[in-house]
Amino acid sequence: MSSSFLNVQGLRKSFGGHLVVLDDINFQMEAGERVVVIGPSGSGKSTLLRCVMGLEKIDHGRIELEGVRYIEANPKSHKDNFVDIPVRNKVGMVFQHYTLFPHLTVLGNLILAPMRARGESRSSATQRAMQLLGRLGLESKAGAFPGMLSGGQKQRVAIARALLLDPKIMLFDEVTSALDPELVTEVEGLMLELAEQKMSMMIVTHDMWFAKRIATRVIFSADGRIIEDAPPSTMFTNPREPRTADFLKKVLHVETIS
Amino acid sequence: MGRYTWDFSVITANWDPLMAGLSVTLQLTAICAVIGLVGGFVVCQMVMSRIAPLRWVAVAFIELFRCTPALVQIIWIFYCVPFFFGVFYDPFYMAILALGMNITAFNAEAYRAAIQSIPSSHYDACTALGMSPLKKTIYVILPQAVLMAIPVLLTNTIGLLQQTSLVAIVAIADLMYEGKTLATQTYRPIEIYTTVAFIYFALSVPLSQVVGLCERRLRSRLA
Ligand SMILES: Nc1ncnc2c1ncn2[C@@H]1O[C@H](COP(=O)(O)OP(=O)(O)OP(=O)(O)O)[C@@H](O)[C@H]1O
Ligand SMILES: [Mg+2]
């Protein structure tokens, strides 16, 4: 048992047995931390988040939330992972691709899981959903179908949908990558608001300026390993590892940002 | 081409048998359409099942009915089922069996294509929202699949309406059969077959319009 809020231990993940994407990842974070994961394409950032969400079958290791193990690899590798679903349900995730269900209205998307997965009454779920939509300035879209929303609105609704389940931690996998540049700020703004409310988050992004703004900690991953783990002030101005510096130089076209 | 004098009085004079035939055609279509909607979904679930023998049976069923002519299916079932199984039902029921299985096979493919077009990220989103596999199927996959399959299901149903005319060959008194009978009795095949064709056409065109409407609405909805 560990006292960490989120504790990933000895996590190994491969695809098809040979392509090892995550190799013995050990990682802890405390409640209220906002960890941004950066790294080259294909370095396993999405896979790491998907493992924490319980979407991938892991080969080895365990993941704990608030000291409770909720995912653990089965020693018999062909068997399914151990998953404690009630604990896993405290983790929320938003994806790069729009995942609002197109046959349901915005409100229908929001209240689906509270009603069908949590057994909340329609009236109570609707009330909470409308309140949240109000806070996001999206009340008028409650009856709209996702196809009628802008990309930025879709992602904000997707975030709201996850928030209605009262997650302890939110995972964001490149949630602004599919957006037109002018729509990025509204989504990032919402994430910054959540940051102010001390929501624990893991964020994958290619936007280093946003990373610097929102992160309390930055992790640089490459080749399935965590190469460097530092506060944003250090990571972006004075990285310890040459590989980190190389990567930042490439994506920023400058030495460091300040 | 010689000058032909059209005489549609033969139609008005024989209105009743034609309408009786039409009623049989509509009944066949309606019953088989319902069989196809439900049966197609069941067969589709079998095709996508984890249990291999279920899959084999379903795939064999689909290929059998997709890869033989409907006319042959009707005749085969009409003559061979009584012979092999020693049962003989009313021809109307035999026709329902044949046409119902045919549309079931085609609808199963429509449902399968619709389910496969649902992006895998929706499955992930359901898990992330804490939806169990059953809830996910009922509330997210099934409704999307049915919506997306509607245009093809309707198109298949229009095809079914046309195909019911094949049962005339086994002496079921549908619209086509009544038309054929009248044509030989009255020596007015031109008027009669033209009328019969027009009736099929008039029934199908509205359905076909509905398909177009559905496609447009779905495209804007599911974009
Ligand atoms: N379902 C899968 N099957 C096989 N290989 C996969 C699968 N998902 C990911 N991979 C592979 O795992 C590696 C890591 O993928 P991942 O998506 O985690 O990278 P990433 O760091 O998120 O990259 P990007 O920045 O491009 O999103 C890649 O080589 C990818 O091709
Ligand atoms: Mg990724």
# chains A, B, ... in the order shown; residues from 1 in each chain; ligands from 1
>>> residues_around(residues="segment 80-96 of chain B", least_positions_apart="2", cutoff="12 Å", atoms="only C-alpha atoms", output="number ranges by chain")
B: 24-36, 70-78, 98-104, 160, 163-174
>>> residues_near_ligand(ligand="ligand 2", cutoff="8 Å", atoms="only C-alpha atoms and all ligand atoms", output="number ranges by chain")
A: 41-42, 44-47, 173-174, 204
>>> interface_residues(of="chain B", to="chain A", cutoff="8 Å", atoms="only C-alpha atoms", output="list of chain:residue names")
B:Ser121, B:His122, B:Asp124, B:Ala125, B:Thr127, B:Ala128, B:Leu129, B:Gly130, B:Met131, B:Ser132, B:Lys135, B:Val140, B:Pro143, B:Gln144, B:Leu147, B:Ser220, B:Arg221, B:Leu222, B:Ala223
>>> write_last_selection(atoms="N, CA, C and O atoms", output="PDB file, in the first residue's frame")
ATOM      1  N   SER B 121     -13.951   4.367 -30.560  1.00  0.00           N
ATOM      2  CA  SER B 121     -13.828   5.316 -29.454  1.00  0.00           C
ATOM      3  C   SER B 121     -15.134   5.394 -28.653  1.00  0.00           C
ATOM      4  O   SER B 121     -15.115   5.742 -27.481  1.00  0.00           O
ATOM      5  N   HIS B 122     -16.272   5.065 -29.293  1.00  0.00           N
ATOM      6  CA  HIS B 122     -17.528   5.065 -28.543  1.00  0.00           C
ATOM      7  C   HIS B 122     -17.555   3.949 -27.505  1.00  0.00           C
ATOM      8  O   HIS B 122     -18.130   4.109 -26.439  1.00  0.00           O
ATOM      9  N   ASP B 124     -14.866   2.810 -26.015  1.00  0.00           N
ATOM     10  CA  ASP B 124     -13.980   3.296 -24.947  1.00  0.00           C
ATOM     11  C   ASP B 124     -14.701   4.318 -24.074  1.00  0.00           C
ATOM     12  O   ASP B 124     -14.599   4.287 -22.851  1.00  0.00           O
ATOM     13  N   ALA B 125     -15.431   5.232 -24.740  1.00  0.00           N
ATOM     14  CA  ALA B 125     -16.135   6.262 -23.973  1.00  0.00           C
ATOM     15  C   ALA B 125     -17.139   5.622 -23.021  1.00  0.00           C
ATOM     16  O   ALA B 125     -17.286   6.056 -21.881  1.00  0.00           O
ATOM     17  N   THR B 127     -16.944   2.674 -21.590  1.00  0.00           N
ATOM     18  CA  THR B 127     -16.206   2.119 -20.454  1.00  0.00           C
ATOM     19  C   THR B 127     -15.794   3.245 -19.511  1.00  0.00           C
ATOM     20  O   THR B 127     -15.953   3.134 -18.297  1.00  0.00           O
ATOM     21  N   ALA B 128     -15.291   4.339 -20.091  1.00  0.00           N
ATOM     22  CA  ALA B 128     -14.861   5.458 -19.261  1.00  0.00           C
ATOM     23  C   ALA B 128     -16.039   6.058 -18.489  1.00  0.00           C
ATOM     24  O   ALA B 128     -15.844   6.671 -17.449  1.00  0.00           O
ATOM     25  N   LEU B 129     -17.249   5.875 -19.003  1.00  0.00           N
ATOM     26  CA  LEU B 129     -18.429   6.394 -18.305  1.00  0.00           C
ATOM     27  C   LEU B 129     -19.011   5.362 -17.347  1.00  0.00           C
ATOM     28  O   LEU B 129     -20.070   5.576 -16.765  1.00  0.00           O
ATOM     29  N   GLY B 130     -18.335   4.232 -17.228  1.00  0.00           N
ATOM     30  CA  GLY B 130     -18.786   3.228 -16.284  1.00  0.00           C
ATOM     31  C   GLY B 130     -19.989   2.414 -16.750  1.00  0.00           C
ATOM     32  O   GLY B 130     -20.702   1.840 -15.931  1.00  0.00           O
ATOM     33  N   MET B 131     -20.212   2.379 -18.079  1.00  0.00           N
ATOM     34  CA  MET B 131     -21.342   1.599 -18.586  1.00  0.00           C
ATOM     35  C   MET B 131     -20.907   0.135 -18.742  1.00  0.00           C
ATOM     36  O   MET B 131     -19.879  -0.142 -19.359  1.00  0.00           O
ATOM     37  N   SER B 132     -21.722  -0.793 -18.250  1.00  0.00           N
ATOM     38  CA  SER B 132     -21.415  -2.207 -18.401  1.00  0.00           C
ATOM     39  C   SER B 132     -21.594  -2.598 -19.869  1.00  0.00           C
ATOM     40  O   SER B 132     -22.265  -1.892 -20.625  1.00  0.00           O
ATOM     41  N   LYS B 135     -25.288  -2.583 -20.868  1.00  0.00           N
ATOM     42  CA  LYS B 135     -25.857  -1.226 -20.961  1.00  0.00           C
ATOM     43  C   LYS B 135     -25.336  -0.528 -22.210  1.00  0.00           C
ATOM     44  O   LYS B 135     -26.053   0.219 -22.880  1.00  0.00           O
ATOM     45  N   VAL B 140     -26.249   2.473 -26.323  1.00  0.00           N
ATOM     46  CA  VAL B 140     -25.351   3.210 -27.223  1.00  0.00           C
ATOM     47  C   VAL B 140     -25.203   2.518 -28.582  1.00  0.00           C
ATOM     48  O   VAL B 140     -25.375   3.146 -29.620  1.00  0.00           O
ATOM     49  N   PRO B 143     -29.105   1.519 -30.546  1.00  0.00           N
ATOM     50  CA  PRO B 143     -29.832   2.632 -31.171  1.00  0.00           C
ATOM     51  C   PRO B 143     -29.080   3.263 -32.336  1.00  0.00           C
ATOM     52  O   PRO B 143     -29.689   3.607 -33.354  1.00  0.00           O
ATOM     53  N   GLN B 144     -27.761   3.383 -32.206  1.00  0.00           N
ATOM     54  CA  GLN B 144     -26.991   3.938 -33.328  1.00  0.00           C
ATOM     55  C   GLN B 144     -27.038   3.008 -34.529  1.00  0.00           C
ATOM     56  O   GLN B 144     -27.148   3.450 -35.672  1.00  0.00           O
ATOM     57  N   LEU B 147     -30.446   3.227 -36.246  1.00  0.00           N
ATOM     58  CA  LEU B 147     -30.547   4.495 -36.974  1.00  0.00           C
ATOM     59  C   LEU B 147     -29.763   4.457 -38.270  1.00  0.00           C
ATOM     60  O   LEU B 147     -30.259   4.827 -39.328  1.00  0.00           O
ATOM     61  N   SER B 220     -27.102  14.529 -41.510  1.00  0.00           N
ATOM     62  CA  SER B 220     -26.902  15.741 -40.719  1.00  0.00           C
ATOM     63  C   SER B 220     -26.875  15.421 -39.224  1.00  0.00           C
ATOM     64  O   SER B 220     -26.176  16.064 -38.452  1.00  0.00           O
ATOM     65  N   ARG B 221     -27.628  14.390 -38.819  1.00  0.00           N
ATOM     66  CA  ARG B 221     -27.674  14.021 -37.409  1.00  0.00           C
ATOM     67  C   ARG B 221     -26.396  13.340 -36.946  1.00  0.00           C
ATOM     68  O   ARG B 221     -25.832  13.668 -35.907  1.00  0.00           O
ATOM     69  N   LEU B 222     -25.938  12.383 -37.731  1.00  0.00           N
ATOM     70  CA  LEU B 222     -24.835  11.540 -37.276  1.00  0.00           C
ATOM     71  C   LEU B 222     -23.492  12.047 -37.779  1.00  0.00           C
ATOM     72  O   LEU B 222     -22.505  11.341 -37.738  1.00  0.00           O
ATOM     73  N   ALA B 223     -23.463  13.285 -38.258  1.00  0.00           N
ATOM     74  CA  ALA B 223     -22.190  13.807 -38.781  1.00  0.00           C
ATOM     75  C   ALA B 223     -21.152  13.912 -37.677  1.00  0.00           C
ATOM     76  O   ALA B 223     -21.482  14.156 -36.539  1.00  0.00           O
TER      77      ALA B 223
END
>>> atom_distance(atom1="atom CA of Leu154 of chain B", atom2="atom CA of Ile115 of chain B")
16.8 Å
>>> select_by_dssp(residues="segment 48-222 of chain B", states="alpha helix (DSSP H)", output="ChimeraX atom specification")
/B:52-66,70-85,91-116,120-128,133-136,142-163,175-186,189-221
